[in-house]
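I have placed the structure first, in the form of structure tokens, so that the comments after it can refer back to it.
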Amino acid sequence: MLNDFWETAPPAYKYAVFGGMGLTALGIIIIIGAVTSTPHLTFVGLPFIGVGLIAHMVSLGVRSRAVRKALKEADKRNGGR
């Protein structure tokens, strides 16, 4: 596998990574806004951060599944050495 993983990554991985980054960033922006104006927004921003982190964990699972599949295919091509 000489290619970068991002080039050969499945679309589900890319969606999960970007979704997680977006939700985490949105949560951080809400919390920063809460610190400056209304503290009640802090409790609104925390679920966004949590869902963003979960999306990142899902992307790690998708990536590991894709790597295991690629390694298994490479092992079959090389004759199971």
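As shown in the structure tokens, the chain order sets the letters A, B, ...; within each chain, residues go from 1, and ligands are also counted from 1 in the order they appear.
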Near-A:Ile54 list (12 Å; only C-alpha atoms; drop same-chain fewer than 6 positions) as a ChimeraX atom specification: /A:16-17,19-21,23-24,47-48,60-61
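Between A:Gly45 and the candidates A:Ala74, A:Ile30, A:Val58, A:Ala66, the tightest atom-to-atom separation, counting only C-alpha atoms, involves A:Ile30.
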Using only C-alpha atoms, the best pick from A:Val67, A:Asn78, A:Leu26, A:Ser37 as closest to A:Trp6 would be A:Val67
Taken to one decimal, the atom CA of A:Arg63-atom CA of A:Thr8 distance is 10.4 Å
